[in-house]
Amino acid sequence: MRPGKHARTRGGQDTTALPGGRQAGGPRAGRVCTRVLVLVVLVVALRPLAGVPAPLGDLVTAFDLVPYTHYLRAPGFSAITTTDQPVSLTALQGQVVLLNFWATWCAECRPELTGLEHVHHDLASRGLAVLGVNAGEDSQVIQRYARHLGVTFPLVLDPQQTLSRLYGVAGVPTTFLVGRDGRTVALAVGGRAWQSPAARRLLDALLAEPEPPQEGR
């Protein structure tokens with residue numbers, strides 16, 4: 001789950017020249033190799049992100065997020081909010097989760113929290129759960145800050161930064177987008193405009209996914 005291990009891949013593929021060329025098979029072989037190389041380049045360029053449905057992959061990259069290209073379940077946790085309410089990721093399965101790591105001293109976090117409040121207000125009834133994990137600050141400080149911004153979604157206490165380490169968070173803001181089935185869909189390092197049209201299209205697509213069957217059924 002560490003952000004440093006999930007860098008962008010678009011435009012960063014290494015290419016290796018095919019061996020042989022004309023010396024191995026003459027002009028015709030060279031032309032054939034060239035055609036094969038062009039075909040390979042086109043296939044790679046047009047191939048959707050591995051493990052991500054093409055439309056969803058397009059929406060993820062359009063919003064400038066880093067996709068998780070293979071199924072990876074988000075680490076489970078249990079914690080307490082600033083209002084002493086228990087919260088756990090397991091209990092939220094079946095919902096789309098925006099897990100945002102932030103701090104009051106983070107200038108970039110301030111506008112992002114406002115945007116997250118907008119989507120919380122608009123989409124909570126459809127199954128979106130927004131959680132703000134605070135990086136080690138006092139509960140009263142967090143609550144005053146939240147009241148000033150008008151933030152109403154749950155704010156999770158992480159006094160020892162246990163959750164930050166669990167998710168490999170090196171700085172704030174960092175946000176993980178989790179699907180209804182518990183898989184980690186994408187990662188944002190740095191602030192994003194979650195109330196933007198690009199974000200809304202992505203969230204709408206994830207909310208349209210069916211809820212997974214409950215265990216024991």
# chains A, B, ... in the order shown; residues from 1 in each chain; ligands from 1

$ residues_around --residues "Arg144 of chain A" --least-positions-apart "6" --cutoff "12 Å" --atoms "only C-alpha atoms" --output "list in words"
Thr82, Thr104, Glu137, Asp138, Gly150, Val151, Thr152 and Leu155 of chain A

$ write_last_selection --atoms "C-alpha atoms" --output "tab-separated table (two decimals), in the first residue's frame"
chain	number	residue	atom	x	y	z
A	82	THR	CA	-13.50	12.77	17.26
A	104	THR	CA	-4.82	21.01	10.35
A	137	GLU	CA	-3.39	15.87	16.48
A	138	ASP	CA	-5.52	16.59	19.55
A	150	GLY	CA	-18.21	23.05	8.13
A	151	VAL	CA	-16.93	19.49	7.84
A	152	THR	CA	-19.50	16.92	8.98
A	155	LEU	CA	-12.92	12.39	11.37

$ residues_around --residues "Gln95 of chain A" --least-positions-apart "2" --cutoff "10 Å" --atoms "only C-alpha atoms" --output "MDAnalysis selection string"
chainID A and resid 89 91:93 97:98 124 126:130 178:182 206:207 209:212

$ write_last_selection --atoms "C-alpha atoms" --output "PDB file, in the first residue's frame"
ATOM      1  CA  LEU A  89     -13.327  -0.514   7.300  1.00  0.00           C
ATOM      2  CA  ALA A  91     -18.253  -2.351   8.606  1.00  0.00           C
ATOM      3  CA  LEU A  92     -18.130  -0.113   5.530  1.00  0.00           C
ATOM      4  CA  GLN A  93     -17.839  -2.956   3.018  1.00  0.00           C
ATOM      5  CA  VAL A  97     -14.872   4.677   0.668  1.00  0.00           C
ATOM      6  CA  LEU A  98     -12.765   7.818   0.354  1.00  0.00           C
ATOM      7  CA  ALA A 124     -23.628   9.605   1.131  1.00  0.00           C
ATOM      8  CA  ARG A 126     -25.966   6.508  -2.567  1.00  0.00           C
ATOM      9  CA  GLY A 127     -23.317   4.616  -0.609  1.00  0.00           C
ATOM     10  CA  LEU A 128     -20.263   6.896  -0.436  1.00  0.00           C
ATOM     11  CA  ALA A 129     -18.415   6.941   2.895  1.00  0.00           C
ATOM     12  CA  VAL A 130     -15.879   9.722   3.430  1.00  0.00           C
ATOM     13  CA  VAL A 178     -11.810   1.925  -2.094  1.00  0.00           C
ATOM     14  CA  GLY A 179     -14.500   0.108  -4.076  1.00  0.00           C
ATOM     15  CA  ARG A 180     -17.663  -1.545  -2.761  1.00  0.00           C
ATOM     16  CA  ASP A 181     -15.894  -4.907  -2.719  1.00  0.00           C
ATOM     17  CA  GLY A 182     -13.060  -3.625  -0.513  1.00  0.00           C
ATOM     18  CA  LEU A 206     -17.886   3.196  -8.608  1.00  0.00           C
ATOM     19  CA  LEU A 207     -21.263   3.781  -6.953  1.00  0.00           C
ATOM     20  CA  GLU A 209     -21.030  -1.157  -9.182  1.00  0.00           C
ATOM     21  CA  PRO A 210     -23.122  -3.855  -7.453  1.00  0.00           C
ATOM     22  CA  GLU A 211     -22.690  -4.446  -3.768  1.00  0.00           C
ATOM     23  CA  PRO A 212     -20.797  -7.677  -3.032  1.00  0.00           C
TER      24      PRO A 212
END

$ closest_residue --among "A:Ala74, A:Ile142, A:Ala62, A:Thr114" --to "Leu166 of chain A" --atoms "only C-alpha atoms"
A:Ala74

$ select_by_dssp --residues "segment 22-190 of chain A" --states "alpha helix (DSSP H)" --output "VMD selection string"
chain A and resid 22 to 46 54 to 62 109 to 123 139 to 149 162 to 166

$ residues_around --residues "Leu177 of chain A" --least-positions-apart "4" --cutoff "8 Å" --atoms "only C-alpha atoms" --output "list of chain:residue names"
A:Val96, A:Val97, A:Leu98, A:Leu99, A:Thr184, A:Val185, A:Ala186, A:Leu187
